[in-house]
Amino acid sequence: MKAVPTFQSASFSASQFRTRLSIAVILLNLMVIGLAFQSLYQGLEQSRARAIVNTRNLAQLLDHDIAAIFDRIDLTLQALVDDLDDGQTGKPDSRRYQTILQQHFSRQPALHSLLIVDEQGSLLASNGPLNRKPGLLGDRDYFLRHRNSPSAGLVISAPLQGRIGGEWIITLSRRITTRDGRFAGIAVASIRLTHLRELFASLNLGPGGAVTLRDTELGLITRHPAPGAPDVRTGSRAVSPQLAAAIRAAPKEGAYLAVTQIDGIERTNAYRRMEHYPYYIIVGLADEDYLLGWYREVTKTAVQVALFVLATLVMLGLLIHLWSLRERDLKHIASKELELRILLDTAPDAIVILDASGHISRANQRALSTFGYRYEDLIGRPVGELLASEWSELNQPTQSVADVDLIALSAAGRRFPISISMTPIETERGRMATLVIRDSSERREREDALRLASLVYQAVGEAIMVTDTTNRIVAINPAFTRLMGYTPEEAIGQPASVLSSGRHDHAFFRTMWESLDATGTWKGEILNRRHNGEIAADWLMINTIYDDSGQVQWRVGMYSSVTEQKRAEEQLWRQASYDTLTDLPNRRLLLDRLQQDMNIADRAETEVALLLVDLDYFKEVNDTLGHLAGDQLLIEVAQRLKACIRETDTAARLGGDEFAVILGGITDRLHIEPIAQSIRSTLAAHYALKEGDTRISASIGIALYPSDAQDTETLFQRADQALYLVKGADRNGFRFYTGPSTEERPADSPAVQMEASLPSEEKLGDAWGRSA
C-alpha cells in the first residue's frame with residue numbers, strides 16, 4: 001500500500017467552480033426528472049398492456065365457460081329429443097315424457113327450466129308445475145322458427161320474460177320430429193340471465209370492473225354489475241363509439257379504451273365474439289382500479305424526485321462552502337485520513353501495524369480487547385510476544401500471507417486459536433506490515449458443533465431429506481436410503497417430486513405449501529413412490545430453516561412409513577364387513593349399502609328391491625353329507641348369486657342358509673322378475689361337491705322401497721312376509737309382497753328371528769357412521 005498522494009490546487013477559480021458545479025447539478029436534476037417521467041410513462045403503458053392481456057384472458061375464460069354451459073344444454077336437448085323419439089309409438093305419453101324430462105333436468109344444474117311443447121305450442125311436460133293453457137308458447141319466435149324450418153337446428157332466443165316464472169331468460173330449443181318427418185313440437189331449455197350474472201360476478205375484476213354480454217347486433221343481453229340507469233334495458237344497443245369502431249375493424253376480438261355509457265366509468269376493455277354462439281363478451285377493468293398502484297408510484301416518484309432535487313441543492317451549497325476550506329485543510333486531512341483508515345477502530349477483526357523491526361506501531365480497539373492490553377502497553381512490543389507459537393514469516397515480511405492458523409497469547413497468559421493474514425506495505429518511513437488477526441475460537445466451536453450435528457444426522461433412525469429454495473434435494477441420510485431406496489448419488493440434485501406417487505391432487509399440495517409459507521412447518525400422511533416403483537404411505541414432517549435475514553434457506557423433511565398400519569386397518573375393516581366363509585358382504589355392510597341405495601332412490605325417484613333368499617333342504621345336505629359339504633355348498637351358492645346380478649347390485653349372507661340381494665335403480669317391478677327367476681333356477685341346478693352330488697332349491701321373498709316400506713326395518717319385514725308365503729306353499733319360487741297377510745308367522749321362525757335382530761333406525765345410523 002502506498003501513501004496517499006498530496007492534492008494540488010485546482011487550475012480554475014472558486015467562481016468558475018461554482019458556475020460549473022451549478023450547471024452540473026441542474027443538468028443532473030433535469031436528467032433525473034426526465035428518467036422519472038420516462039419510467040412513469042413506461043409503467044403506465046405496461047399497466048395498460050397488462051390490463052388488456054388480463055381482460056382478453058378473462059373474456060376467453062368466459063367464452064369457454066358460457067360455451068361449455070350452452071354445449072351441455074344443447075347435448076341435453078339432443079338427448080331428450082332422441083329419448084322421446086326412441087319410445088314414441090303413437091299419441092304422446094305425458095307421464096313418460098315427464099319422467100324422461102326430469103331425468104335430463106336433474107343432470108343440468110344450470111337450467112332454469114326444461115319443457116316439452118307439442119305442435120300447437122301447449123306444454124306436454126315441465127320440470128315445474130305444468131301450465132295447461134292451450135298454445136301457451138305457440139306465438140314465441142323460436143317456436144314459429146322450428147315449426148316453419150325443419151333444418152333450424154339449435155335455436156337460441158333473444159332475452160325474454162318467461163311466461164311460467166316471469167324471470168328474464170334465454171331459451172335454447174330443438175325441433176321434435178315424428179318418424180315420418182312431421183313437426184311434433186319442440187324441446188325448450190331456459191337459463192336465467194341472473195345465472196350468467198352470477199358467473200360474471202365470480203370473476204375478480206375490482207370495484208369498477210364490468211362484464212357485458214351482447215348479441216351480434218350489440219343488443220344488451222346481461223351485464224355485471226347490473227345497469228343502474230332506468231333507460232338502459234335488456235336489448236339496448238347503446239354502446240360507446242370506440243366499441244362500435246373496434247368491432248368494425250376487428251369483428252372477432254379486440255381491445256379498446258373508453259368511458260362506458262352505462263355508468264360513465266373509464267375502462268380498458270377487451271371484447272370477444274363467441275365462436276359457436278351469437279354473442280359478444282366484453283370485459284372491462286376500471287382505470288381507477290388497475291392504475292391504483294401506478295398512481296401510488298407517481299406519488300412516490302414525485303416525492304423521491306423532490307427530495308433528490310432538494311438534496312442536490314443542499315449538497316451544492318455545502319460543496320461551495322467547503323471548496324473555500326479545501327486548499328487550507330487538504331494536506332492535513334489526507335495524512336490523517338491515512339492513519340484513520342489504517343486504524344479502523346470499528347473493524348470486526350484485530351489489526352496491528354508492524355514497523356521494519358517487527359515491533360507494533362499501531363493497533364485498533366479490537367486488537368486491544370482481543371489480547372487484553374492497554375494501548376500504551378501494546379505499542380512498541382515485538383509482535384512475537386502475542387504468539388505462543390513460532391512463525392518464521394514475521395522475520396522477513398516480504399510477501400502477503402492469508403489465513404495462517406496459530407496459537408495466540410493474551411496479556412493474562414490465556415492461549416487461544418487465531419487466524420492471521422499479513423500484507424507488507426511500503427511507506428515514507430520504510431517497509432511496514434499490516435496484520436489482520438481473527439479469534440477463531442468461535443469458528444472452531446461451530447465446526448465442532450457441525451461435525452457433531454453431521455454425526456447425529458447420519459445416525460438418526462428417521463429418514464431425512466434436505467431441499468433448497470428451488471425444492472431440489474441437497475442431502476439425505478442413510479435412513480432415507482433404506483426407506484426410499486435412493487442412494488445419495490441418485491437423489492442429490494433431483495427435484496423432491498422424484499418421490500411423487502401421482503395419487504394426490506393440486507389441492508393437497510396447495511394446502512401443504514400454504515402451511516409452509518405461513519408457519520414454516522407441515523406434517524401429515526403422504527403417498528410416496530419408492531425407488532423400485534412401489535407406492536407406500538409415509539408420515540412426513542417438514543420444518544423450514546431460515547437465514548439471518550429471515551429468508552428460507554433449507555427445508556428439512558423427516559419420513560416414517562405407515563404402510564403396515566394402513567394394511568392392518570384395511571384387514572380389520574374387511575373382517576368386520578364381510579362373511580369369512582363366502583366372502584360376501586355381511587349384514588352390517590348390507591345395511592350400509594341398502595341405506596345408500598335408498599338415498600339414491602329418493603333423489604332419482606326410482607325404487608330399491610330387497611330379495612330375501614332362503615335355501616330349501618340345506619339341513620338335509622348337512623345331515624347326509626356333513627358340514628364341510630354344507631360349507632362348500634354355501635360358497636357355491638354365493639358365487640352363483642353374484643353371477644345373477646349386476647356389479648352395482650349387492651349379494652350378502654345374513655347367516656346360516658339365509659342370503660339377501662339388493663337391486664337398485666328399479667323403475668318397473670317387471671325388471672325384477674327375470675332376475676328372481678334366474679336366481680331361483682341357478683340355485684336349483686346340480687351341485688357337484690367332494691362328498692357327493694346334491695340338489696337344493698331356494699325360496700325368495702321380494703319387497704320394494706318405497707312402494708312397500710319407508711325404512712329398512714319395515715322393508716325386511718315385508719320381504720320376509722313374502723318369503724314366508726313361498727315357504728308355506730311349494731317352496732322353490734319367489735313372491736312379491738302384496739299387502740298385509742292374514743297368515744300368522746310363527747314366532748320362532750328363522751325369518752322372524754332375523755327381523756328381531758335387525759337394528760333400529762338409531763342403530764342403523766350408528767352402523768353407517770362406523771362403516772363410513
# chains A, B, ... in the order shown; residues from 1 in each chain; ligands from 1

call {"tool": "residues_around", "arguments": {"residues": "Arg267 of chain A", "least_positions_apart": "6", "cutoff": "6 Å", "atoms": "only C-alpha atoms", "output": "list in words"}}
result
Leu257, Ala258, Gly284, Leu285, Ala286 and Asp287 of chain A

call {"tool": "write_last_selection", "arguments": {"atoms": "all heavy atoms", "output": "compact mmCIF listing (two decimals), in the first residue's frame"}}
result
# COMPACT_ATOMS: atom_id res chain seq x y z
N LEU A 257 -60.11 1.45 -25.28
CA LEU A 257 -60.23 2.27 -24.07
C LEU A 257 -61.37 3.24 -24.26
O LEU A 257 -61.42 3.96 -25.27
CB LEU A 257 -58.91 3.03 -23.82
CG LEU A 257 -58.89 3.97 -22.62
CD1 LEU A 257 -58.99 3.18 -21.32
CD2 LEU A 257 -57.59 4.79 -22.61
N ALA A 258 -62.32 3.24 -23.33
CA ALA A 258 -63.49 4.10 -23.49
C ALA A 258 -64.15 4.34 -22.16
O ALA A 258 -63.95 3.60 -21.19
CB ALA A 258 -64.48 3.48 -24.47
N GLY A 284 -64.25 -5.43 -18.93
CA GLY A 284 -63.57 -4.15 -18.72
C GLY A 284 -63.03 -4.02 -17.31
O GLY A 284 -63.68 -4.40 -16.34
N LEU A 285 -61.81 -3.49 -17.21
CA LEU A 285 -61.19 -3.17 -15.92
C LEU A 285 -61.13 -1.65 -15.78
O LEU A 285 -60.62 -0.96 -16.68
CB LEU A 285 -59.78 -3.76 -15.82
CG LEU A 285 -59.67 -5.28 -15.85
CD1 LEU A 285 -58.20 -5.71 -15.79
CD2 LEU A 285 -60.42 -5.89 -14.69
N ALA A 286 -61.66 -1.14 -14.67
CA ALA A 286 -61.67 0.30 -14.44
C ALA A 286 -60.25 0.82 -14.27
O ALA A 286 -59.42 0.22 -13.58
CB ALA A 286 -62.51 0.63 -13.21
N ASP A 287 -59.97 1.96 -14.94
CA ASP A 287 -58.64 2.54 -14.83
C ASP A 287 -58.29 2.86 -13.39
O ASP A 287 -57.15 2.68 -12.95
CB ASP A 287 -58.56 3.82 -15.67
CG ASP A 287 -58.57 3.51 -17.16
OD1 ASP A 287 -58.68 2.32 -17.52
OD2 ASP A 287 -58.46 4.44 -17.97

call {"tool": "select_by_dssp", "arguments": {"residues": "segment 244-283 of chain A", "states": "strand (DSSP E)", "output": "list in words"}}
result
Glu253, Gly254, Ala255, Tyr256, Leu257, Ala258, Val259, Glu266, Arg267, Thr268, Asn269, Ala270, Tyr271, Arg272, Arg273, Tyr279, Tyr280, Ile281, Ile282 and Val283 of chain A

call {"tool": "closest_residue", "arguments": {"among": "A:Ala604, A:Leu193, A:Ala703, A:Leu409", "to": "Ser106 of chain A", "atoms": "only C-alpha atoms"}}
result
A:Ala604

call {"tool": "atom_distance", "arguments": {"atom1": "atom CA of Gly728 of chain A", "atom2": "atom CA of Arg587 of chain A"}}
result
25.2 Å

call {"tool": "atom_distance", "arguments": {"atom1": "atom CA of Ser94 of chain A", "atom2": "atom CA of Ala125 of chain A"}}
result
6.4 Å

call {"tool": "select_by_dssp", "arguments": {"residues": "segment 584-673 of chain A", "states": "alpha helix (DSSP H)", "output": "MDAnalysis selection string"}}
result
chainID A and resid 587:604 618:625 627:644 672:673

call {"tool": "atom_distance", "arguments": {"atom1": "atom CA of Ala402 of chain A", "atom2": "atom CA of Ile437 of chain A"}}
result
10.2 Å

call {"tool": "residues_around", "arguments": {"residues": "Trp513 of chain A", "least_positions_apart": "6", "cutoff": "12 Å", "atoms": "only C-alpha atoms", "output": "ChimeraX atom specification"}}
result
/A:471,506-507,519-523,542-544,555

call {"tool": "closest_residue", "arguments": {"among": "A:Gln161, A:Thr194, A:Asn364, A:Gln98", "to": "Leu111 of chain A", "atoms": "only C-alpha atoms"}}
result
A:Thr194

call {"tool": "residues_around", "arguments": {"residues": "His321 of chain A", "least_positions_apart": "5", "cutoff": "12 Å", "atoms": "only C-alpha atoms", "output": "list in words"}}
result
Ala14, Ser15, Phe17, Arg18, Val314, Met315, Leu316 and Arg326 of chain A

call {"tool": "residues_around", "arguments": {"residues": "Leu625 of chain A", "least_positions_apart": "2", "cutoff": "12 Å", "atoms": "only C-alpha atoms", "output": "NGL selection string"}}
result
:A and (618-623 or 627-633 or 688-695)

call {"tool": "closest_residue", "arguments": {"among": "A:Tyr687, A:Tyr705, A:Phe183, A:Phe105", "to": "Ser151 of chain A", "atoms": "only C-alpha atoms"}}
result
A:Phe183

call {"tool": "residues_around", "arguments": {"residues": "Val661 of chain A", "least_positions_apart": "3", "cutoff": "12 Å", "atoms": "only C-alpha atoms", "output": "VMD selection string"}}
result
chain A and resid 584 to 587 590 to 591 593 to 594 608 to 614 638 641 to 654 658 664 672 675 to 676 679 700 to 704 716 719

call {"tool": "write_last_selection", "arguments": {"atoms": "N, CA and C atoms", "output": "compact mmCIF listing (two decimals), in the first residue's frame"}}
result
# COMPACT_ATOMS: atom_id res chain seq x y z
N LEU A 584 -68.85 -62.79 0.96
CA LEU A 584 -69.92 -61.85 0.62
C LEU A 584 -70.03 -60.80 1.72
N PRO A 585 -70.57 -59.60 1.41
CA PRO A 585 -70.85 -58.64 2.47
C PRO A 585 -71.72 -59.27 3.56
N ASN A 586 -71.42 -58.93 4.82
CA ASN A 586 -72.23 -59.43 5.92
C ASN A 586 -73.41 -58.49 6.16
N ARG A 587 -74.16 -58.76 7.23
CA ARG A 587 -75.36 -57.97 7.50
C ARG A 587 -75.06 -56.49 7.70
N LEU A 590 -74.34 -54.93 4.38
CA LEU A 590 -75.58 -54.95 3.61
C LEU A 590 -76.47 -53.77 4.00
N LEU A 591 -76.61 -53.53 5.31
CA LEU A 591 -77.46 -52.42 5.78
C LEU A 591 -76.91 -51.08 5.32
N ARG A 593 -75.13 -50.50 2.57
CA ARG A 593 -75.38 -50.34 1.14
C ARG A 593 -76.87 -50.16 0.85
N LEU A 594 -77.72 -50.82 1.62
CA LEU A 594 -79.16 -50.64 1.42
C LEU A 594 -79.56 -49.20 1.70
N VAL A 608 -85.90 -49.46 -4.89
CA VAL A 608 -84.90 -50.44 -4.50
C VAL A 608 -85.63 -51.73 -4.13
N ALA A 609 -85.15 -52.84 -4.67
CA ALA A 609 -85.75 -54.14 -4.37
C ALA A 609 -84.86 -54.91 -3.41
N LEU A 610 -85.49 -55.48 -2.35
CA LEU A 610 -84.79 -56.35 -1.40
C LEU A 610 -85.31 -57.77 -1.60
N LEU A 611 -84.41 -58.71 -1.91
CA LEU A 611 -84.75 -60.10 -2.11
C LEU A 611 -84.14 -60.91 -0.97
N LEU A 612 -84.99 -61.55 -0.14
CA LEU A 612 -84.51 -62.45 0.90
C LEU A 612 -84.54 -63.88 0.34
N VAL A 613 -83.38 -64.55 0.33
CA VAL A 613 -83.22 -65.87 -0.28
C VAL A 613 -82.96 -66.89 0.82
N ASP A 614 -83.83 -67.87 0.94
CA ASP A 614 -83.67 -68.92 1.95
C ASP A 614 -83.51 -70.25 1.22
N ALA A 638 -72.96 -68.60 -3.06
CA ALA A 638 -72.52 -67.20 -3.10
C ALA A 638 -72.01 -66.84 -4.49
N LEU A 641 -74.99 -66.59 -6.86
CA LEU A 641 -75.75 -65.35 -6.62
C LEU A 641 -75.08 -64.16 -7.30
N LYS A 642 -73.77 -64.03 -7.13
CA LYS A 642 -73.06 -62.88 -7.72
C LYS A 642 -73.12 -62.93 -9.25
N ALA A 643 -73.20 -64.12 -9.82
CA ALA A 643 -73.26 -64.23 -11.27
C ALA A 643 -74.62 -63.82 -11.82
N CYS A 644 -75.65 -63.79 -10.97
CA CYS A 644 -77.01 -63.48 -11.42
C CYS A 644 -77.33 -61.99 -11.36
N ILE A 645 -76.48 -61.18 -10.74
CA ILE A 645 -76.82 -59.76 -10.53
C ILE A 645 -75.77 -58.87 -11.18
N ARG A 646 -76.10 -57.58 -11.26
CA ARG A 646 -75.17 -56.60 -11.84
C ARG A 646 -74.06 -56.27 -10.83
N GLU A 647 -72.98 -55.63 -11.36
CA GLU A 647 -71.89 -55.23 -10.48
C GLU A 647 -72.34 -54.17 -9.47
N THR A 648 -73.35 -53.37 -9.85
CA THR A 648 -73.82 -52.31 -8.95
C THR A 648 -74.77 -52.84 -7.87
N ASP A 649 -75.23 -54.09 -8.02
CA ASP A 649 -76.11 -54.69 -7.02
C ASP A 649 -75.28 -55.36 -5.94
N THR A 650 -75.95 -55.79 -4.88
CA THR A 650 -75.26 -56.38 -3.73
C THR A 650 -75.89 -57.71 -3.37
N ALA A 651 -75.03 -58.73 -3.19
CA ALA A 651 -75.46 -60.01 -2.64
C ALA A 651 -74.75 -60.20 -1.31
N ALA A 652 -75.47 -60.62 -0.27
CA ALA A 652 -74.89 -60.71 1.07
C ALA A 652 -75.40 -61.98 1.75
N ARG A 653 -74.62 -62.42 2.74
CA ARG A 653 -75.04 -63.56 3.55
C ARG A 653 -75.47 -63.03 4.92
N LEU A 654 -76.73 -63.36 5.30
CA LEU A 654 -77.23 -62.91 6.60
C LEU A 654 -76.86 -63.86 7.71
N GLU A 658 -79.31 -68.27 4.94
CA GLU A 658 -80.10 -67.09 4.55
C GLU A 658 -79.20 -66.09 3.85
N GLY A 664 -80.77 -52.02 -7.09
CA GLY A 664 -81.04 -50.59 -7.10
C GLY A 664 -81.45 -50.08 -8.48
N ILE A 672 -87.64 -56.98 -12.16
CA ILE A 672 -87.12 -57.80 -11.07
C ILE A 672 -87.37 -59.28 -11.33
N ILE A 675 -84.65 -61.48 -12.91
CA ILE A 675 -83.50 -61.68 -12.01
C ILE A 675 -83.87 -62.71 -10.93
N ALA A 676 -85.08 -62.59 -10.36
CA ALA A 676 -85.50 -63.55 -9.34
C ALA A 676 -85.61 -64.95 -9.93
N ILE A 679 -82.12 -66.34 -10.33
CA ILE A 679 -81.57 -66.79 -9.06
C ILE A 679 -82.18 -68.13 -8.67
N ILE A 700 -87.74 -67.25 -2.33
CA ILE A 700 -87.35 -65.84 -2.41
C ILE A 700 -88.55 -64.97 -2.11
N GLY A 701 -88.37 -64.04 -1.15
CA GLY A 701 -89.38 -63.05 -0.85
C GLY A 701 -88.89 -61.68 -1.26
N ILE A 702 -89.77 -60.88 -1.91
CA ILE A 702 -89.34 -59.61 -2.52
C ILE A 702 -90.21 -58.49 -1.98
N ALA A 703 -89.55 -57.38 -1.58
CA ALA A 703 -90.26 -56.15 -1.19
C ALA A 703 -89.52 -54.97 -1.78
N LEU A 704 -90.25 -53.88 -2.07
CA LEU A 704 -89.68 -52.71 -2.74
C LEU A 704 -89.77 -51.48 -1.85
N PHE A 716 -87.40 -55.15 5.46
CA PHE A 716 -87.04 -56.53 5.76
C PHE A 716 -88.28 -57.33 6.18
N ALA A 719 -90.38 -58.15 3.02
CA ALA A 719 -89.75 -59.19 2.20
C ALA A 719 -89.85 -60.54 2.90

call {"tool": "residues_around", "arguments": {"residues": "Glu119 of chain A", "least_positions_apart": "2", "cutoff": "10 Å", "atoms": "only C-alpha atoms", "output": "VMD selection string"}}
result
chain A and resid 117 121 to 123 135 138 143 146 to 147 175 to 177 182 to 186

call {"tool": "decode", "arguments": {"residues": "segment 506-621 of chain A", "atoms": "C-alpha atoms", "output": "short mmCIF file (atom, residue, chain, number, x, y, z; two decimals), in the first residue's frame"}}
result
data_model
loop_
_atom_site.label_atom_id
_atom_site.label_comp_id
_atom_site.auth_asym_id
_atom_site.auth_seq_id
_atom_site.Cartn_x
_atom_site.Cartn_y
_atom_site.Cartn_z
CA HIS A 506 -53.30 -30.00 -6.59
CA ALA A 507 -55.46 -29.09 -3.58
CA PHE A 508 -53.38 -31.40 -1.34
CA PHE A 509 -50.09 -29.72 -2.27
CA ARG A 510 -51.62 -26.23 -2.22
CA THR A 511 -52.67 -26.82 1.41
CA MET A 512 -49.16 -28.11 2.22
CA TRP A 513 -47.42 -25.05 0.75
CA GLU A 514 -49.86 -22.62 2.35
CA SER A 515 -48.93 -24.13 5.74
CA LEU A 516 -45.20 -23.99 4.94
CA ASP A 517 -45.41 -20.36 3.81
CA ALA A 518 -47.47 -19.34 6.84
CA THR A 519 -45.83 -21.33 9.67
CA GLY A 520 -42.74 -22.95 8.17
CA THR A 521 -43.99 -26.42 9.10
CA TRP A 522 -46.30 -29.14 7.78
CA LYS A 523 -47.00 -32.68 8.86
CA GLY A 524 -49.33 -35.34 7.59
CA GLU A 525 -49.70 -38.59 5.74
CA ILE A 526 -48.49 -38.77 2.14
CA LEU A 527 -48.18 -41.47 -0.54
CA ASN A 528 -44.62 -41.71 -1.95
CA ARG A 529 -43.08 -43.73 -4.75
CA ARG A 530 -40.07 -45.83 -3.74
CA HIS A 531 -37.05 -46.34 -6.00
CA ASN A 532 -38.45 -49.72 -7.06
CA GLY A 533 -41.78 -48.15 -8.08
CA GLU A 534 -43.74 -49.31 -5.01
CA ILE A 535 -46.35 -46.84 -3.69
CA ALA A 536 -46.26 -46.62 0.11
CA ALA A 537 -47.82 -44.42 2.80
CA ASP A 538 -45.41 -42.32 4.91
CA TRP A 539 -45.79 -39.87 7.77
CA LEU A 540 -43.96 -36.68 6.71
CA MET A 541 -42.96 -33.74 8.93
CA ILE A 542 -41.38 -30.70 7.20
CA ASN A 543 -39.55 -27.89 9.03
CA THR A 544 -38.06 -24.75 7.48
CA ILE A 545 -34.62 -23.29 8.26
CA TYR A 546 -34.27 -19.53 7.70
CA ASP A 547 -31.14 -17.43 7.18
CA ASP A 548 -30.20 -14.34 9.22
CA SER A 549 -32.38 -12.12 7.02
CA GLY A 550 -35.46 -14.28 7.60
CA GLN A 551 -35.46 -15.81 4.11
CA VAL A 552 -35.99 -19.54 3.52
CA GLN A 553 -32.65 -21.36 3.33
CA TRP A 554 -33.46 -25.06 3.69
CA ARG A 555 -36.45 -27.30 4.21
CA VAL A 556 -35.92 -30.50 6.20
CA GLY A 557 -38.34 -33.42 5.76
CA MET A 558 -38.49 -36.42 8.14
CA TYR A 559 -40.22 -39.57 6.85
CA SER A 560 -41.55 -42.64 8.63
CA SER A 561 -43.51 -45.46 6.99
CA VAL A 562 -47.17 -46.06 7.91
CA THR A 563 -47.94 -48.63 5.19
CA GLU A 564 -48.14 -51.60 7.58
CA GLN A 565 -50.55 -49.70 9.81
CA LYS A 566 -52.75 -49.00 6.76
CA ARG A 567 -52.76 -52.65 5.77
CA ALA A 568 -53.77 -53.70 9.29
CA GLU A 569 -56.64 -51.16 9.31
CA GLU A 570 -57.88 -52.39 5.92
CA GLN A 571 -57.75 -56.02 7.13
CA LEU A 572 -59.75 -55.17 10.28
CA TRP A 573 -62.37 -53.33 8.20
CA ARG A 574 -62.74 -56.31 5.84
CA GLN A 575 -63.08 -58.76 8.71
CA ALA A 576 -65.84 -56.59 10.19
CA SER A 577 -67.70 -56.13 6.88
CA TYR A 578 -67.51 -59.47 5.01
CA ASP A 579 -68.57 -63.03 5.69
CA THR A 580 -65.45 -65.13 6.25
CA LEU A 581 -66.81 -68.26 4.55
CA THR A 582 -68.41 -66.89 1.36
CA ASP A 583 -66.54 -63.54 1.11
CA LEU A 584 -69.92 -61.85 0.62
CA PRO A 585 -70.85 -58.64 2.47
CA ASN A 586 -72.23 -59.43 5.92
CA ARG A 587 -75.36 -57.97 7.50
CA ARG A 588 -73.62 -54.79 8.65
CA LEU A 589 -72.26 -53.91 5.20
CA LEU A 590 -75.58 -54.95 3.61
CA LEU A 591 -77.46 -52.42 5.78
CA ASP A 592 -74.99 -49.68 4.85
CA ARG A 593 -75.38 -50.34 1.14
CA LEU A 594 -79.16 -50.64 1.42
CA GLN A 595 -79.35 -47.22 3.09
CA GLN A 596 -77.14 -45.75 0.33
CA ASP A 597 -79.35 -47.22 -2.42
CA MET A 598 -82.46 -45.90 -0.64
CA ASN A 599 -80.94 -42.39 -0.54
CA ILE A 600 -80.11 -42.61 -4.27
CA ALA A 601 -83.65 -43.80 -5.00
CA ASP A 602 -85.09 -40.78 -3.16
CA ARG A 603 -83.06 -38.42 -5.35
CA ALA A 604 -83.61 -40.25 -8.65
CA GLU A 605 -87.26 -41.15 -7.93
CA THR A 606 -86.57 -44.87 -8.54
CA GLU A 607 -87.07 -47.93 -6.35
CA VAL A 608 -84.90 -50.44 -4.50
CA ALA A 609 -85.75 -54.14 -4.37
CA LEU A 610 -84.79 -56.35 -1.40
CA LEU A 611 -84.75 -60.10 -2.11
CA LEU A 612 -84.51 -62.45 0.90
CA VAL A 613 -83.22 -65.87 -0.28
CA ASP A 614 -83.67 -68.92 1.95
CA LEU A 615 -82.14 -72.24 0.84
CA ASP A 616 -84.57 -75.18 0.85
CA TYR A 617 -83.37 -78.58 2.15
CA PHE A 618 -79.99 -77.22 3.26
CA LYS A 619 -80.31 -79.03 6.60
CA GLU A 620 -80.65 -82.35 4.76
CA VAL A 621 -77.32 -81.66 2.96
#
